[in-house]
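K.L.:
Hey, dropping entry23.txt in here, compact mmCIF, C-alpha atoms:
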```
# COMPACT_ATOMS: atom_id res chain seq x y z
CA MET A 1 -3.60 -34.28 -49.96
CA LYS A 2 -2.72 -31.00 -51.65
CA LYS A 3 0.16 -30.49 -49.22
CA ILE A 4 1.62 -33.92 -49.98
CA LEU A 5 1.35 -33.46 -53.74
CA TYR A 6 2.95 -30.01 -53.57
CA ILE A 7 6.01 -31.31 -51.76
CA ALA A 8 6.13 -34.44 -53.90
CA MET A 9 6.46 -32.26 -57.00
CA MET A 10 9.47 -30.56 -55.44
CA PHE A 11 11.19 -33.71 -54.21
CA ALA A 12 10.35 -36.29 -56.88
CA THR A 13 13.52 -36.07 -58.94
CA LEU A 14 14.49 -39.64 -59.71
CA CYS A 15 17.99 -40.29 -58.45
CA SER A 16 19.63 -38.22 -61.17
CA CYS A 17 21.06 -35.56 -58.89
CA SER A 18 24.74 -35.68 -57.99
CA LYS A 19 26.21 -35.36 -54.54
CA GLU A 20 28.62 -32.71 -55.73
CA ILE A 21 28.61 -29.72 -58.01
CA ASP A 22 29.88 -31.17 -61.28
CA LEU A 23 29.63 -28.40 -63.85
CA ASP A 24 30.67 -28.53 -67.48
CA TYR A 25 31.62 -25.68 -69.80
CA ASN A 26 32.12 -26.03 -73.51
CA ASP A 27 35.59 -24.92 -74.66
CA ILE A 28 36.18 -22.09 -72.20
CA GLU A 29 38.79 -21.50 -69.53
CA PRO A 30 38.08 -23.52 -66.36
CA VAL A 31 36.52 -21.59 -63.47
CA PRO A 32 36.71 -22.34 -59.72
CA VAL A 33 34.12 -24.63 -58.18
CA ILE A 34 33.90 -24.31 -54.38
CA GLU A 35 31.76 -26.67 -52.30
CA GLY A 36 31.83 -25.86 -48.60
CA HIS A 37 30.06 -27.58 -45.70
CA LEU A 38 30.02 -26.69 -42.00
CA SER A 39 28.05 -28.93 -39.63
CA ASP A 40 28.50 -30.24 -36.09
CA GLY A 41 31.56 -28.05 -35.76
CA GLU A 42 33.39 -29.68 -38.66
CA ALA A 43 34.20 -27.86 -41.92
CA VAL A 44 34.91 -29.61 -45.22
CA VAL A 45 35.71 -27.51 -48.28
CA THR A 46 36.53 -28.95 -51.70
CA ILE A 47 37.90 -26.72 -54.47
CA THR A 48 38.06 -27.92 -58.05
CA LYS A 49 38.02 -26.44 -61.55
CA SER A 50 35.22 -26.83 -64.06
CA ARG A 51 35.96 -28.88 -67.16
CA ASN A 52 34.95 -28.75 -70.79
CA MET A 53 32.27 -31.15 -72.01
CA SER A 54 34.89 -32.94 -74.12
CA ASP A 55 37.01 -33.66 -71.04
CA SER A 56 35.88 -36.80 -69.20
CA THR A 57 38.61 -36.60 -66.52
CA LYS A 58 37.31 -35.36 -63.19
CA THR A 59 39.36 -32.61 -61.53
CA PRO A 60 40.60 -33.60 -58.04
CA GLY A 61 40.45 -31.22 -55.08
CA ILE A 62 43.20 -28.63 -55.45
CA GLN A 63 45.28 -26.56 -53.04
CA VAL A 64 45.01 -22.76 -53.17
CA GLU A 65 46.59 -19.82 -51.34
CA ASP A 66 44.24 -19.70 -48.36
CA VAL A 67 40.91 -21.09 -47.08
CA ARG A 68 39.32 -19.95 -43.81
CA ILE A 69 36.03 -19.65 -41.93
CA ILE A 70 35.09 -16.22 -40.55
CA LEU A 71 33.10 -16.59 -37.31
CA PRO A 72 30.21 -14.32 -36.24
CA ASP A 73 32.52 -12.42 -33.84
CA GLY A 74 35.01 -11.70 -36.62
CA ASN A 75 37.61 -14.26 -35.57
CA GLU A 76 38.98 -16.41 -38.38
CA VAL A 77 39.70 -20.14 -38.44
CA PRO A 78 42.25 -21.24 -41.09
CA LEU A 79 41.56 -24.59 -42.75
CA SER A 80 44.26 -27.12 -43.59
CA PHE A 81 44.57 -29.02 -46.88
CA SER A 82 44.73 -32.81 -46.80
CA ASN A 83 43.70 -35.51 -49.29
CA GLY A 84 41.94 -33.09 -51.62
CA ASN A 85 39.87 -31.27 -48.97
CA TYR A 86 40.25 -28.37 -46.55
CA ARG A 87 39.30 -29.06 -42.92
CA ASN A 88 39.50 -27.33 -39.54
CA ASN A 89 41.95 -28.62 -36.93
CA ASN A 90 39.78 -27.69 -33.93
CA LYS A 91 36.03 -27.92 -33.53
CA ILE A 92 34.06 -24.78 -34.43
CA ASP A 93 31.28 -23.93 -31.97
CA LEU A 94 28.07 -23.27 -33.90
CA GLU A 95 25.12 -21.18 -32.74
CA VAL A 96 21.64 -21.18 -34.26
CA GLY A 97 20.86 -17.86 -35.95
CA SER A 98 24.54 -16.96 -36.42
CA THR A 99 26.14 -16.38 -39.81
CA TYR A 100 29.44 -17.95 -40.87
CA THR A 101 31.52 -16.95 -43.90
CA LEU A 102 33.81 -19.02 -46.06
CA LYS A 103 36.70 -17.07 -47.64
CA VAL A 104 38.83 -18.70 -50.33
CA THR A 105 41.86 -16.95 -51.84
CA MET A 106 42.80 -18.37 -55.21
CA ASP A 107 45.11 -16.85 -57.84
CA GLY A 108 44.98 -13.53 -56.01
CA VAL A 109 41.16 -13.39 -55.97
CA GLU A 110 39.05 -13.65 -52.81
CA TYR A 111 35.80 -15.60 -53.00
CA THR A 112 33.41 -15.18 -50.04
CA GLY A 113 30.08 -16.80 -49.28
CA SER A 114 27.98 -16.76 -46.10
CA SER A 115 25.41 -19.08 -44.55
CA THR A 116 23.24 -18.84 -41.41
CA LEU A 117 22.64 -21.83 -39.15
CA GLN A 118 18.92 -22.66 -38.88
CA PRO A 119 17.18 -24.60 -36.08
CA LYS A 120 17.48 -28.35 -36.51
CA VAL A 121 14.45 -30.04 -38.04
CA GLU A 122 13.16 -33.35 -36.74
CA ILE A 123 11.55 -35.94 -39.01
CA SER A 124 9.18 -38.86 -38.57
CA GLU A 125 10.02 -42.50 -39.18
CA PRO A 126 10.31 -43.12 -42.97
CA VAL A 127 7.48 -45.10 -44.58
CA PHE A 128 7.57 -46.76 -48.03
CA ARG A 129 4.41 -47.17 -50.07
CA TRP A 130 3.31 -47.81 -53.64
CA VAL A 131 1.43 -45.30 -55.79
CA ASN A 132 -0.12 -46.23 -59.14
CA LEU A 133 0.83 -43.53 -61.65
CA MET A 134 0.41 -45.37 -64.99
CA ASP A 135 2.69 -47.92 -63.34
CA TRP A 136 3.44 -48.80 -59.72
CA TYR A 137 5.67 -46.14 -58.27
CA GLN A 138 7.69 -46.57 -55.04
CA VAL A 139 7.68 -43.50 -52.80
CA LEU A 140 9.17 -42.67 -49.42
CA GLU A 141 7.10 -40.61 -46.99
CA ILE A 142 8.53 -38.56 -44.13
CA GLU A 143 7.24 -35.56 -42.23
CA THR A 144 8.80 -32.71 -40.30
CA THR A 145 7.61 -32.76 -36.69
CA ASN A 146 8.93 -29.65 -34.93
CA VAL A 147 8.49 -26.72 -37.35
CA PRO A 148 6.14 -23.99 -36.04
CA ASP A 149 3.18 -23.18 -38.31
CA ASP A 150 4.49 -19.71 -39.17
CA GLN A 151 8.13 -20.73 -39.68
CA GLN A 152 9.70 -21.25 -43.11
CA PHE A 153 11.81 -24.38 -43.43
CA TYR A 154 14.29 -25.22 -46.18
CA GLY A 155 15.41 -28.82 -46.33
CA TRP A 156 18.06 -30.65 -48.31
CA ALA A 157 17.14 -34.33 -48.48
CA ARG A 158 19.90 -36.85 -49.20
CA ILE A 159 19.64 -40.63 -49.36
CA HIS A 160 22.62 -42.99 -49.42
CA ARG A 161 22.06 -46.58 -50.54
CA ASN A 162 24.65 -49.04 -49.24
CA GLY A 163 27.08 -46.18 -48.66
CA LYS A 164 26.66 -44.49 -52.06
CA ILE A 165 24.55 -41.45 -52.92
CA TYR A 166 21.15 -42.42 -54.31
CA PHE A 167 19.02 -39.27 -54.19
CA THR A 168 19.43 -35.60 -53.35
CA ASP A 169 17.14 -32.60 -53.72
CA ALA A 170 16.00 -29.49 -51.85
CA ALA A 171 12.58 -28.05 -51.03
CA GLY A 172 10.99 -25.32 -48.94
CA THR A 173 7.85 -25.50 -46.79
CA LYS A 174 6.15 -23.59 -43.97
CA GLY A 175 5.21 -25.42 -40.79
CA ASN A 176 5.13 -29.21 -40.47
CA TYR A 177 4.48 -30.83 -43.84
CA PRO A 178 4.41 -34.43 -44.96
CA PHE A 179 6.31 -34.98 -48.17
CA GLU A 180 6.94 -37.80 -50.58
CA ILE A 181 10.20 -38.64 -52.33
CA GLY A 182 9.66 -40.52 -55.58
CA LEU A 183 12.17 -43.39 -55.87
CA TYR A 184 11.54 -45.65 -58.87
CA TYR A 185 8.93 -47.23 -61.15
CA ASP A 186 8.45 -50.95 -60.78
CA SER A 187 8.56 -51.82 -64.47
CA ASP A 188 10.97 -53.69 -66.68
CA MET A 189 11.73 -50.51 -68.63
CA GLU A 190 12.91 -48.70 -65.51
CA ASN A 191 14.71 -51.59 -63.80
CA ASP A 192 18.09 -49.95 -63.82
CA GLU A 193 20.74 -50.81 -61.24
CA ASP A 194 21.27 -47.13 -60.42
CA MET A 195 17.60 -46.74 -59.45
CA ILE A 196 16.07 -50.02 -58.34
CA LEU A 197 16.03 -50.90 -54.64
CA ASN A 198 16.49 -54.47 -53.48
CA ASP A 199 15.55 -56.28 -50.29
CA GLY A 200 18.24 -55.71 -47.68
CA ASP A 201 19.55 -52.43 -49.10
CA THR A 202 20.64 -50.08 -46.30
CA LEU A 203 19.27 -46.57 -46.76
CA LEU A 204 20.63 -43.64 -44.78
CA ILE A 205 18.07 -40.85 -45.01
CA GLU A 206 19.31 -37.40 -44.06
CA VAL A 207 17.47 -34.08 -44.02
CA ARG A 208 19.72 -31.04 -43.68
CA THR A 209 18.21 -27.77 -42.46
CA ILE A 210 19.62 -25.06 -44.71
CA ASP A 211 19.06 -21.33 -45.16
CA GLU A 212 17.32 -19.70 -48.13
CA PRO A 213 20.41 -18.75 -50.23
CA VAL A 214 21.78 -22.30 -50.07
CA PHE A 215 18.33 -23.71 -50.88
CA LYS A 216 17.99 -21.47 -53.93
CA TYR A 217 21.39 -22.53 -55.28
CA ILE A 218 20.80 -26.28 -54.84
CA TYR A 219 17.19 -26.14 -56.05
CA GLU A 220 18.10 -24.15 -59.16
CA TYR A 221 20.92 -26.54 -60.01
CA ASN A 222 18.86 -29.68 -59.47
CA SER A 223 15.83 -28.25 -61.32
CA THR A 224 17.56 -26.96 -64.43
CA LYS A 225 20.94 -28.73 -64.60
CA VAL A 226 22.43 -25.42 -65.72
CA ASN A 227 24.54 -22.95 -63.78
CA PRO A 228 22.54 -21.26 -60.99
CA ARG A 229 23.01 -17.64 -59.98
CA GLN A 230 26.46 -17.16 -58.50
CA PHE A 231 26.60 -17.79 -54.74
CA PHE A 232 30.07 -16.40 -53.97
CA LYS A 233 31.08 -12.75 -54.06
CA THR A 234 34.47 -12.00 -55.63
CA SER A 235 37.09 -9.34 -54.96
CA VAL A 236 37.58 -8.89 -58.72
CA GLU A 237 34.63 -7.74 -60.79
CA ASN A 238 33.10 -10.22 -63.25
CA LYS A 239 35.04 -13.21 -61.92
CA VAL A 240 32.99 -16.39 -62.28
CA CYS A 241 32.85 -18.99 -59.50
CA MET A 242 30.46 -21.90 -59.09
CA GLY A 243 29.46 -23.76 -55.93
CA PHE A 244 28.10 -22.84 -52.50
CA PHE A 245 28.81 -22.79 -48.76
CA ALA A 246 26.25 -24.41 -46.45
CA VAL A 247 26.05 -24.29 -42.67
CA TYR A 248 23.46 -26.79 -41.49
CA ALA A 249 22.11 -29.11 -38.84
CA SER A 250 20.87 -32.53 -39.93
CA GLU A 251 18.55 -35.32 -38.86
CA THR A 252 19.23 -38.86 -40.06
CA ARG A 253 17.35 -42.16 -40.14
CA GLU A 254 18.74 -45.52 -41.23
CA VAL A 255 16.37 -48.17 -42.56
CA ILE A 256 16.69 -51.55 -44.24
CA TYR A 257 14.59 -51.61 -47.40
CA LYS A 258 12.05 -54.41 -47.81
CA LYS A 259 10.11 -54.58 -51.06
CA THR A 260 6.41 -55.09 -50.34
CA ALA A 261 3.52 -56.22 -52.51
CA HIS A 262 1.67 -53.56 -54.50
CA GLU A 263 -1.35 -52.09 -52.79
CA GLU A 264 -4.65 -52.86 -54.42
```
Please render this file's structure as structure tokens.
P.N.:
Amino acid sequence: MKKILYIAMMFATLCSCSKEIDLDYNDIEPVPVIEGHLSDGEAVVTITKSRNMSDSTKTPGIQVEDVRIILPDGNEVPLSFSNGNYRNNNKIDLEVGSTYTLKVTMDGVEYTGSSTLQPKVEISEPVFRWVNLMDWYQVLEIETTNVPDDQQFYGWARIHRNGKIYFTDAAGTKGNYPFEIGLYYDSDMENDEDMILNDGDTLLIEVRTIDEPVFKYIYEYNSTKVNPRQFFKTSVENKVCMGFFAVYASETREVIYKKTAHEE
């Protein structure tokens, strides 16, 4: 039981996390925000600028001088800008244990961040159950099934409900661990459309296997809602840049939610 509670504490952030890095600064010059993903040979990089708290207009993905992926052998793959994102034109072959680097050149400054592909984690079939914590609390249970006892695993759990992000958080464990994701309280006070699940909702549950630097960035951001330690290195000293670059494998499960009676 201790193992389950430990992971539950790390994952039970109620649907308040965002699917993107959306950072605010109060009355200062905007800084770059780089969010890079590389999985299944496909790269997607979005570059925006931070905004002041008084500015409610979201910054769209912008075009910069150059964006490329540096492969483990030193070869470089330029990415092309289209519809607010940078993508690769040809598939990138990924190898477990290899490190890939994202390099962004913007306003004459180079921003570089690296990530190492970890072995793909496998997960059990998701199970929903009720827990009584002052009120009935809906949780989702899943378990890793292929992590050796002595191996550290960092996971980034993401749930989409009917095609829209519902939950995202990161946690680290060693070996195969069951964990619980807290979803919502079944009370009138908490019955909020952004949180409550209804019969027939389609849930896509994804667990991404990430490396430690990516885990630390996402976990710090989700835990504190303030700017984590800077992930990217810069060619100009003291330049500030937010965001991260993640290379990952992922395991997904799709389920149709059915609300059950509370357990007695």
K.L.:
I'd like the interatomic distance between atom CA of A:Ile181 and atom CA of A:Gln230, to a tenth of an Å.
P.N.:
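Here the two named atoms are 27.6 Å from each other.
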K.L.:
Residues within 8 Å of stretch 60-63 of chain A, please, as JSON, numbers by chain. Count all atoms listed in the file; anything in the same chain fewer than 5 positions from it doesn't count.
P.N.:
{"A": [46, 47, 48, 81, 83, 84, 85]}
K.L.:
Just write the chosen residues, C-alpha atoms, as an mmCIF file, in the frame of the given file.
P.N.:
```
data_model
loop_
_atom_site.group_PDB
_atom_site.id
_atom_site.type_symbol
_atom_site.label_atom_id
_atom_site.label_comp_id
_atom_site.auth_asym_id
_atom_site.auth_seq_id
_atom_site.Cartn_x
_atom_site.Cartn_y
_atom_site.Cartn_z
ATOM 1 C CA THR A 46 36.530 -28.950 -51.700
ATOM 2 C CA ILE A 47 37.900 -26.720 -54.470
ATOM 3 C CA THR A 48 38.060 -27.920 -58.050
ATOM 4 C CA PHE A 81 44.570 -29.020 -46.880
ATOM 5 C CA ASN A 83 43.700 -35.510 -49.290
ATOM 6 C CA GLY A 84 41.940 -33.090 -51.620
ATOM 7 C CA ASN A 85 39.870 -31.270 -48.970
#
```
K.L.:
Which of these residues is nearest to A:Glu220, using only C-alpha atoms: A:Met106, A:Ala171, A:Val64, A:Ala261?
P.N.:
A:Ala171
K.L.:
Which of these, A:Trp156, A:Phe232, A:Tyr185, A:Phe167, has the shortest distance to A:Ile218 once you count all atoms listed in the file?
P.N.:
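Closest candidate: A:Trp156.
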K.L.:
Could you name the residues that touch A:Glu35 at 12 Å or less, counting all atoms listed in the file, but leaving out those on the same chain fewer than 4 positions away, as a PyMOL selection string?
P.N.:
chain A and resi 19-23+43-49+61+67+85-86+102-104+111-113+214+217-218+231-232+241-247
K.L.:
For C-alpha atoms, I'd like the residues from the last selection saved as a PDB file, keeping the file's coordinate frame.
P.N.:
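Dumped everything to out.pdb:
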```pdb
ATOM      1  CA  LYS A  19      26.210 -35.360 -54.540  1.00  0.00           C
ATOM      2  CA  GLU A  20      28.620 -32.710 -55.730  1.00  0.00           C
ATOM      3  CA  ILE A  21      28.610 -29.720 -58.010  1.00  0.00           C
ATOM      4  CA  ASP A  22      29.880 -31.170 -61.280  1.00  0.00           C
ATOM      5  CA  LEU A  23      29.630 -28.400 -63.850  1.00  0.00           C
ATOM      6  CA  ALA A  43      34.200 -27.860 -41.920  1.00  0.00           C
ATOM      7  CA  VAL A  44      34.910 -29.610 -45.220  1.00  0.00           C
ATOM      8  CA  VAL A  45      35.710 -27.510 -48.280  1.00  0.00           C
ATOM      9  CA  THR A  46      36.530 -28.950 -51.700  1.00  0.00           C
ATOM     10  CA  ILE A  47      37.900 -26.720 -54.470  1.00  0.00           C
ATOM     11  CA  THR A  48      38.060 -27.920 -58.050  1.00  0.00           C
ATOM     12  CA  LYS A  49      38.020 -26.440 -61.550  1.00  0.00           C
ATOM     13  CA  GLY A  61      40.450 -31.220 -55.080  1.00  0.00           C
ATOM     14  CA  VAL A  67      40.910 -21.090 -47.080  1.00  0.00           C
ATOM     15  CA  ASN A  85      39.870 -31.270 -48.970  1.00  0.00           C
ATOM     16  CA  TYR A  86      40.250 -28.370 -46.550  1.00  0.00           C
ATOM     17  CA  LEU A 102      33.810 -19.020 -46.060  1.00  0.00           C
ATOM     18  CA  LYS A 103      36.700 -17.070 -47.640  1.00  0.00           C
ATOM     19  CA  VAL A 104      38.830 -18.700 -50.330  1.00  0.00           C
ATOM     20  CA  TYR A 111      35.800 -15.600 -53.000  1.00  0.00           C
ATOM     21  CA  THR A 112      33.410 -15.180 -50.040  1.00  0.00           C
ATOM     22  CA  GLY A 113      30.080 -16.800 -49.280  1.00  0.00           C
ATOM     23  CA  VAL A 214      21.780 -22.300 -50.070  1.00  0.00           C
ATOM     24  CA  TYR A 217      21.390 -22.530 -55.280  1.00  0.00           C
ATOM     25  CA  ILE A 218      20.800 -26.280 -54.840  1.00  0.00           C
ATOM     26  CA  PHE A 231      26.600 -17.790 -54.740  1.00  0.00           C
ATOM     27  CA  PHE A 232      30.070 -16.400 -53.970  1.00  0.00           C
ATOM     28  CA  CYS A 241      32.850 -18.990 -59.500  1.00  0.00           C
ATOM     29  CA  MET A 242      30.460 -21.900 -59.090  1.00  0.00           C
ATOM     30  CA  GLY A 243      29.460 -23.760 -55.930  1.00  0.00           C
ATOM     31  CA  PHE A 244      28.100 -22.840 -52.500  1.00  0.00           C
ATOM     32  CA  PHE A 245      28.810 -22.790 -48.760  1.00  0.00           C
ATOM     33  CA  ALA A 246      26.250 -24.410 -46.450  1.00  0.00           C
ATOM     34  CA  VAL A 247      26.050 -24.290 -42.670  1.00  0.00           C
TER      35      VAL A 247
END
```
K.L.:
Show which residues sit within 10 Å of A:Val236, as a list in words. Count all atoms listed in the file, and ignore same-chain residues fewer than 4 positions away.
P.N.:
Gly108, Val109, Glu110, Tyr111 and Val240 of chain A
K.L.:
Rounded to one decimal in Å, what is the spacing between atom CA of A:Ile210 and atom CA of A:Asn89?
P.N.:
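That distance, rounded to one decimal, is 23.9 Å.
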